[in-house]
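Okay, data.cif is below, mmCIF, C-alpha atoms:
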```
data_entry
#
loop_
_atom_site.label_atom_id
_atom_site.label_comp_id
_atom_site.auth_asym_id
_atom_site.auth_seq_id
_atom_site.Cartn_x
_atom_site.Cartn_y
_atom_site.Cartn_z
CA MET A 1 60.73 72.23 102.53
CA GLU A 2 64.21 71.98 101.02
CA ILE A 3 67.22 72.56 103.22
CA LEU A 4 69.60 75.33 102.21
CA ASN A 5 73.08 74.27 103.23
CA LEU A 6 76.15 76.23 102.14
CA GLU A 7 79.64 75.43 103.37
CA GLY A 8 81.56 78.42 104.67
CA THR A 9 84.61 79.63 102.77
CA GLU A 10 87.28 82.24 103.50
CA ASP A 11 84.99 84.95 102.09
CA THR A 12 81.47 83.57 102.44
CA PRO A 13 79.57 82.43 105.54
CA LYS A 14 78.26 79.01 106.38
CA ILE A 15 74.50 78.91 105.98
CA ILE A 16 72.04 76.30 107.20
CA LEU A 17 68.33 76.89 106.80
CA ASP A 18 66.48 73.75 107.83
CA LYS A 19 62.81 74.10 108.68
CA GLY A 20 62.30 70.45 109.66
CA ASN A 21 65.05 70.44 112.27
CA GLY A 22 64.47 74.06 113.28
CA ILE A 23 68.02 75.16 112.41
CA PHE A 24 68.47 78.65 111.01
CA GLU A 25 72.07 79.80 110.99
CA ILE A 26 74.41 82.24 109.26
CA SER A 27 77.96 82.07 110.62
CA GLY A 28 81.56 82.84 109.78
CA ARG A 29 82.89 85.51 107.47
CA SER A 30 80.98 87.43 104.86
CA LEU A 31 82.91 89.43 102.29
CA PRO A 32 81.83 87.95 98.97
CA GLU A 33 82.70 89.62 95.71
CA ASP A 34 79.01 89.98 94.92
CA SER A 35 76.99 90.08 98.11
CA ALA A 36 73.63 90.52 96.35
CA GLU A 37 74.18 87.37 94.32
CA PHE A 38 75.43 85.41 97.32
CA TYR A 39 72.44 86.25 99.54
CA GLN A 40 69.76 85.82 96.87
CA PRO A 41 69.20 82.08 97.63
CA VAL A 42 68.84 82.99 101.32
CA LEU A 43 66.22 85.64 100.54
CA ASP A 44 64.40 83.21 98.22
CA TRP A 45 64.42 80.52 100.93
CA ILE A 46 63.02 82.92 103.55
CA ASP A 47 60.34 84.05 101.12
CA GLU A 48 59.24 80.42 100.73
CA TYR A 49 59.51 79.74 104.49
CA SER A 50 57.39 82.78 105.34
CA LYS A 51 54.40 81.18 103.61
CA ASP A 52 54.29 78.40 106.19
CA PRO A 53 56.74 79.04 109.03
CA ASN A 54 57.29 77.08 112.24
CA SER A 55 55.39 78.44 115.25
CA SER A 56 58.63 79.90 116.56
CA THR A 57 61.95 80.54 114.79
CA ASP A 58 65.29 81.21 116.46
CA PHE A 59 67.44 82.63 113.70
CA MET A 60 71.11 82.57 114.62
CA ILE A 61 73.55 85.11 113.21
CA LYS A 62 77.08 84.39 114.36
CA LEU A 63 79.41 86.33 112.10
CA GLU A 64 83.01 87.01 113.02
CA TYR A 65 83.26 89.55 110.22
CA PHE A 66 81.11 91.07 107.47
CA ASN A 67 81.88 93.79 104.95
CA THR A 68 79.63 96.77 104.26
CA ALA A 69 78.09 95.26 101.11
CA SER A 70 77.09 92.24 103.23
CA SER A 71 75.67 94.48 105.94
CA LYS A 72 73.17 95.84 103.42
CA LEU A 73 72.15 92.29 102.51
CA ILE A 74 71.96 91.23 106.17
CA LEU A 75 69.48 94.07 106.63
CA ASP A 76 67.53 92.70 103.64
CA VAL A 77 67.53 89.25 105.29
CA LEU A 78 66.30 90.74 108.58
CA SER A 79 63.61 92.71 106.75
CA ALA A 80 62.45 89.50 105.09
CA LEU A 81 62.27 87.82 108.53
CA GLU A 82 60.43 90.76 110.07
CA ASP A 83 56.91 89.72 109.14
CA ILE A 84 57.23 86.11 110.27
CA GLU A 85 55.35 85.33 113.51
CA GLY A 86 57.46 83.99 116.38
CA MET A 87 60.76 85.23 114.96
CA THR A 88 63.72 85.84 117.27
CA ILE A 89 67.23 86.82 116.15
CA LEU A 90 70.04 85.31 118.17
CA TRP A 91 72.91 87.72 117.57
CA TYR A 92 76.25 86.22 118.58
CA PHE A 93 79.41 88.21 119.04
CA HIS A 94 82.83 87.37 120.40
CA GLU A 95 83.02 88.58 123.98
CA ASP A 96 85.68 91.19 123.23
CA ASP A 97 84.19 92.30 119.89
CA GLU A 98 82.43 95.56 120.69
CA ASP A 99 82.04 96.45 117.01
CA MET A 100 80.07 93.26 116.32
CA GLU A 101 77.92 93.87 119.42
CA GLU A 102 77.23 97.42 118.24
CA ALA A 103 76.45 96.20 114.71
CA GLY A 104 73.81 93.89 116.20
CA GLU A 105 72.35 96.73 118.23
CA GLU A 106 72.12 98.88 115.12
CA PHE A 107 70.35 96.15 113.16
CA SER A 108 67.94 95.64 116.06
CA GLU A 109 67.05 99.34 115.84
CA LEU A 110 66.34 99.05 112.10
CA VAL A 111 63.87 96.16 112.20
CA GLU A 112 60.95 95.18 114.41
CA ILE A 113 62.21 91.79 115.57
CA PRO A 114 63.29 90.80 119.09
CA PHE A 115 67.06 90.32 119.34
CA GLU A 116 68.80 88.19 121.93
CA PHE A 117 72.45 88.99 122.33
CA LYS A 118 74.83 86.17 123.10
CA THR A 119 78.60 86.00 123.47
CA TYR A 120 80.95 83.19 122.54
CA MET B 1 120.25 97.75 90.59
CA LYS B 2 120.05 100.76 92.85
CA TYR B 3 116.27 100.91 92.59
CA ILE B 4 116.08 97.69 94.62
CA PHE B 5 117.96 99.28 97.48
CA ASP B 6 116.00 102.51 97.10
CA LEU B 7 112.66 100.75 97.16
CA HIS B 8 113.70 98.74 100.18
CA GLN B 9 114.87 101.91 101.91
CA THR B 10 111.61 103.69 101.09
CA MET B 11 109.65 100.85 102.61
CA LEU B 12 111.76 100.94 105.77
CA ASP B 13 111.51 104.74 106.01
CA HIS B 14 107.73 104.58 105.82
CA ASN B 15 107.41 101.49 108.06
CA LEU B 16 105.72 99.56 105.26
CA ILE B 17 105.22 95.87 105.97
CA LEU B 18 103.38 95.11 102.74
CA VAL B 19 103.18 96.75 99.34
CA TYR B 20 101.13 95.42 96.45
CA GLU B 21 101.03 97.03 93.02
CA GLY B 22 99.09 95.69 90.08
CA GLU B 23 95.75 94.25 89.22
CA PHE B 24 93.10 94.10 91.97
CA THR B 25 90.60 91.25 92.10
CA GLN B 26 88.70 89.38 94.80
CA GLU B 27 91.36 86.62 94.66
CA ILE B 28 94.16 89.15 95.19
CA THR B 29 92.13 90.73 97.99
CA LYS B 30 91.90 87.39 99.79
CA SER B 31 95.65 86.77 99.38
CA VAL B 32 96.58 90.21 100.70
CA LEU B 33 94.20 89.77 103.65
CA ALA B 34 95.68 86.36 104.44
CA MET B 35 99.23 87.75 104.40
CA ALA B 36 98.32 90.67 106.64
CA GLU B 37 96.47 88.37 109.03
CA ARG B 38 99.46 86.04 109.29
CA ASN B 39 101.73 88.99 109.96
CA MET B 40 99.47 90.25 112.76
CA ASP B 41 99.06 86.75 114.20
CA SER B 42 102.80 86.11 114.29
CA SER B 43 103.45 89.45 115.97
CA GLY B 44 100.80 88.61 118.56
CA GLU B 45 98.61 91.59 117.74
CA GLU B 46 95.60 92.17 119.97
CA SER B 47 92.43 90.70 118.45
CA SER B 48 90.43 93.94 118.60
CA ILE B 49 93.15 95.76 116.62
CA LYS B 50 93.43 92.86 114.20
CA ARG B 51 89.71 93.00 113.49
CA LYS B 52 89.79 96.75 112.85
CA VAL B 53 92.78 96.48 110.51
CA PHE B 54 91.12 93.58 108.67
CA ASN B 55 87.89 95.53 108.39
CA VAL B 56 89.50 98.66 106.95
CA MET B 57 91.64 96.57 104.58
CA VAL B 58 88.59 94.78 103.15
CA GLU B 59 86.71 97.99 102.44
CA CYS B 60 89.78 99.64 100.97
CA LEU B 61 90.67 96.66 98.73
CA GLN B 62 87.11 96.01 97.60
CA ASN B 63 86.70 99.70 96.76
CA ILE B 64 89.63 99.39 94.38
CA VAL B 65 88.33 96.11 92.91
CA LYS B 66 84.89 97.64 92.30
CA HIS B 67 86.23 100.74 90.62
CA ALA B 68 89.15 99.13 88.80
CA GLU B 69 87.11 98.36 85.71
CA ASP B 70 86.31 102.07 85.27
CA ILE B 71 89.87 102.69 84.32
CA GLU B 72 91.78 101.51 81.31
CA ALA B 73 93.91 98.47 82.00
CA ASN B 74 97.25 100.27 82.08
CA HIS B 75 96.28 102.31 85.11
CA SER B 76 96.88 100.00 88.03
CA ALA B 77 96.56 100.70 91.71
CA ILE B 78 98.70 100.35 94.81
CA PHE B 79 97.90 99.10 98.30
CA MET B 80 100.15 99.33 101.34
CA ILE B 81 100.15 98.52 105.01
CA GLY B 82 102.35 100.45 107.38
CA LYS B 83 103.04 99.45 110.94
CA ARG B 84 104.47 101.74 113.57
CA ASP B 85 104.84 101.31 117.32
CA ASN B 86 101.56 103.06 117.98
CA GLU B 87 99.51 102.60 114.80
CA TYR B 88 98.73 100.74 111.59
CA LEU B 89 98.34 102.63 108.32
CA ILE B 90 96.18 101.29 105.51
CA VAL B 91 97.12 103.18 102.36
CA SER B 92 95.83 102.95 98.83
CA GLY B 93 96.32 104.82 95.59
CA ASN B 94 94.34 104.44 92.41
CA PRO B 95 93.51 106.47 89.32
CA ILE B 96 90.14 108.20 89.30
CA GLU B 97 88.41 110.05 86.49
CA ASN B 98 88.30 113.82 86.92
CA ASP B 99 84.49 113.78 86.75
CA HIS B 100 84.28 111.75 89.95
CA ILE B 101 86.62 113.83 92.06
CA ASP B 102 84.20 116.47 93.35
CA GLY B 103 81.68 113.88 94.50
CA LEU B 104 84.31 111.77 96.19
CA LYS B 105 85.90 114.77 97.86
CA SER B 106 82.65 116.06 99.33
CA LYS B 107 81.74 112.57 100.54
CA LEU B 108 85.08 112.26 102.37
CA GLU B 109 84.94 115.79 103.76
CA ASN B 110 81.44 115.16 105.04
CA ILE B 111 82.60 111.97 106.78
CA ASN B 112 85.62 113.70 108.31
CA GLY B 113 83.36 116.41 109.71
CA LEU B 114 81.30 113.93 111.72
CA ASP B 115 81.91 112.62 115.23
CA LYS B 116 81.21 109.04 116.40
CA ASP B 117 77.45 109.54 116.72
CA GLY B 118 77.28 111.46 113.46
CA LEU B 119 78.99 108.61 111.63
CA LYS B 120 76.64 106.11 113.24
CA SER B 121 73.56 107.96 112.05
CA LEU B 122 75.02 108.47 108.56
CA TYR B 123 75.68 104.71 108.42
CA LYS B 124 72.12 103.89 109.45
CA ASP B 125 70.73 106.44 107.03
CA ILE B 126 72.67 104.99 104.08
CA ILE B 127 71.95 101.34 104.91
CA LYS B 128 68.21 102.05 105.19
CA ASN B 129 67.84 104.19 102.10
CA THR B 130 70.39 102.98 99.57
CA GLU B 131 70.19 100.06 97.17
CA ILE B 132 73.26 98.03 96.28
CA SER B 133 74.87 99.64 93.23
CA ASP B 134 75.49 97.77 90.01
CA LYS B 135 79.11 97.54 91.11
CA GLY B 136 77.97 95.73 94.26
CA GLY B 137 78.78 98.55 96.65
CA ALA B 138 76.52 99.69 99.45
CA GLY B 139 77.99 103.21 99.61
CA LEU B 140 79.07 102.46 103.17
CA GLY B 141 82.77 101.70 102.74
CA PHE B 142 84.29 105.05 103.67
CA VAL B 143 81.85 105.57 106.55
CA ASP B 144 82.76 102.17 107.93
CA MET B 145 86.50 102.82 107.53
CA ALA B 146 86.13 106.07 109.46
CA ARG B 147 84.07 104.38 112.18
CA LYS B 148 86.43 101.46 112.65
CA SER B 149 89.59 103.59 112.61
CA GLY B 150 88.24 106.35 114.84
CA ASN B 151 90.45 108.78 112.90
CA PRO B 152 89.84 111.10 109.95
CA LEU B 153 90.43 109.63 106.49
CA GLU B 154 93.45 111.39 104.98
CA PHE B 155 93.26 111.85 101.24
CA ASP B 156 94.76 113.67 98.29
CA PHE B 157 94.34 113.82 94.53
CA LEU B 158 97.62 113.98 92.62
CA ASP B 159 97.96 115.02 88.99
CA MET B 160 98.22 112.13 86.56
CA ASP B 161 97.06 113.01 83.06
CA ASN B 162 94.37 115.13 81.39
CA THR B 163 91.49 112.90 82.40
CA HIS B 164 92.63 111.28 85.66
CA LYS B 165 94.05 112.07 89.04
CA PHE B 166 95.68 109.63 91.44
CA PHE B 167 93.46 109.22 94.50
CA CYS B 168 95.51 108.59 97.65
CA LEU B 169 93.78 107.44 100.81
CA LYS B 170 95.30 106.78 104.23
CA THR B 171 93.45 105.32 107.20
CA THR B 172 95.09 105.16 110.60
CA ILE B 173 94.28 102.59 113.26
CA SER B 174 95.75 103.29 116.68
CA ARG B 175 97.33 100.36 118.49
CA ALA B 176 96.82 101.82 121.94
#
```
Written as structure tokens, how would this file's structure read?
Amino acid sequence: MEILNLEGTEDTPKIILDKGNGIFEISGRSLPEDSAEFYQPVLDWIDEYSKDPNSSTDFMIKLEYFNTASSKLILDVLSALEDIEGMTILWYFHEDDEDMEEAGEEFSELVEIPFEFKTY
Amino acid sequence: MKYIFDLHQTMLDHNLILVYEGEFTQEITKSVLAMAERNMDSSGEESSIKRKVFNVMVECLQNIVKHAEDIEANHSAIFMIGKRDNEYLIVSGNPIENDHIDGLKSKLENINGLDKDGLKSLYKDIIKNTEISDKGGAGLGFVDMARKSGNPLEFDFLDMDNTHKFFCLKTTISRA
């Protein structure tokens, strides 16, 4: 399966989705002008991956900041991951960033996927 | 030349550290954010406060960008950051069509009537049940600004012309 690899910029996150090497990562800042357009390739990739996923998937979300339009799309990403067997979300937040911790907790209440919370 | 002095004095009187007037785009948003971040970094601002200010700024600026195209080109907007000993103020002003005022007003009043838990459940309700609009908004901006600031959103609509009012919005972030 093709690897989705997007370099991070000042307003878009770094994304690596690599089935072969078992790397699934969204990190950095997310405040794109058009969040729906930006996340569409991610949703398409997950749709493809869900047809034949690895036996377990640790999906890492390590965002230092996301805007509200991105939060809606992050929920769409999580919803797309929800039906994949063996899915775990690794939600990273900076150790003094209570808002990012709370955001992760809220997402975990909105989807049926196990979340592991990790600080950096 | 007196207007230069007057403008400078007004900025000092209102503790304004940044004022931007003109066209609002994503590129301008990024520049304004970068300037504000540098200012907070050089003054050694606490990272939790920095994040909240950044957060409120993004929602405020992107709101203006998203709604800017509604308005004819000669109606530009203003964005300001104020910094006092105990708080930051994120202030914006932009023209809004009269038809949209009632809806906006009731949305803001509803938000201001909610406590922390009320805002949290409103946020979750909107994110679950709302699609991204054709302008790219999630309808969450004001709720998020209120949550991050922990203070009511102050607003006013000032007379402009027959079809528009000037929508003023002030969000306060405590530095304590």
message: At a cut-off of 10 Å, which residues of chain A touch chain B? Count only C-alpha atoms and give the answer as a PyMOL selection string.
response: chain A and resi 10-11+31-37+64-73+75-76+96-99+106-107+109-110
For this file, the PyMOL selection byres ((chain A and resi 52-63) around 8) selects which residues, as a PDB file with C-alpha atoms, in the coordinates of the input?
```pdb
ATOM      1  CA  PRO A  13      79.570  82.430 105.540  1.00  0.00           C
ATOM      2  CA  LYS A  19      62.810  74.100 108.680  1.00  0.00           C
ATOM      3  CA  GLY A  22      64.470  74.060 113.280  1.00  0.00           C
ATOM      4  CA  ILE A  23      68.020  75.160 112.410  1.00  0.00           C
ATOM      5  CA  PHE A  24      68.470  78.650 111.010  1.00  0.00           C
ATOM      6  CA  GLU A  25      72.070  79.800 110.990  1.00  0.00           C
ATOM      7  CA  ILE A  26      74.410  82.240 109.260  1.00  0.00           C
ATOM      8  CA  SER A  27      77.960  82.070 110.620  1.00  0.00           C
ATOM      9  CA  GLY A  28      81.560  82.840 109.780  1.00  0.00           C
ATOM     10  CA  ARG A  29      82.890  85.510 107.470  1.00  0.00           C
ATOM     11  CA  SER A  30      80.980  87.430 104.860  1.00  0.00           C
ATOM     12  CA  GLU A  48      59.240  80.420 100.730  1.00  0.00           C
ATOM     13  CA  TYR A  49      59.510  79.740 104.490  1.00  0.00           C
ATOM     14  CA  SER A  50      57.390  82.780 105.340  1.00  0.00           C
ATOM     15  CA  LYS A  51      54.400  81.180 103.610  1.00  0.00           C
ATOM     16  CA  GLU A  64      83.010  87.010 113.020  1.00  0.00           C
ATOM     17  CA  TYR A  65      83.260  89.550 110.220  1.00  0.00           C
ATOM     18  CA  PHE A  66      81.110  91.070 107.470  1.00  0.00           C
ATOM     19  CA  ILE A  84      57.230  86.110 110.270  1.00  0.00           C
ATOM     20  CA  GLU A  85      55.350  85.330 113.510  1.00  0.00           C
ATOM     21  CA  GLY A  86      57.460  83.990 116.380  1.00  0.00           C
ATOM     22  CA  MET A  87      60.760  85.230 114.960  1.00  0.00           C
ATOM     23  CA  THR A  88      63.720  85.840 117.270  1.00  0.00           C
ATOM     24  CA  ILE A  89      67.230  86.820 116.150  1.00  0.00           C
ATOM     25  CA  LEU A  90      70.040  85.310 118.170  1.00  0.00           C
ATOM     26  CA  TRP A  91      72.910  87.720 117.570  1.00  0.00           C
ATOM     27  CA  TYR A  92      76.250  86.220 118.580  1.00  0.00           C
ATOM     28  CA  PHE A  93      79.410  88.210 119.040  1.00  0.00           C
TER      29      PHE A  93
END
```
task: Name the residues captured by the PyMOL selection byres ((chain B and resi 21) around 6) when it is applied to the shown file; answer as an MDAnalysis selection string.
output: chainID B and resid 20 22 77:78
query: For His94 of chain A, which residue out of A:Thr12, A:Thr119, A:Gln40, A:Asn21 is the nearest one, using only C-alpha atoms?
result: A:Thr119
message: Using Å and a single decimal, report how far atom CA of Val53 of chain B sits from atom CA of Thr172 of chain B.
response: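 Computing it gives 9.0 Å between the two atoms.
Taken over the whole file, the PyMOL selection byres ((chain A and resi 112) around 9) covers exactly Ser79, Glu82, Asp83, Ser108, Glu109, Leu110, Val111, Ile113 and Pro114 of chain A.
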- prompt: By how many Å are atom CA of Ser92 of chain B and atom CA of Thr171 of chain B apart?
  reply: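 Separation between atom CA of Ser92 of chain B and atom CA of Thr171 of chain B: 9.0 Å.
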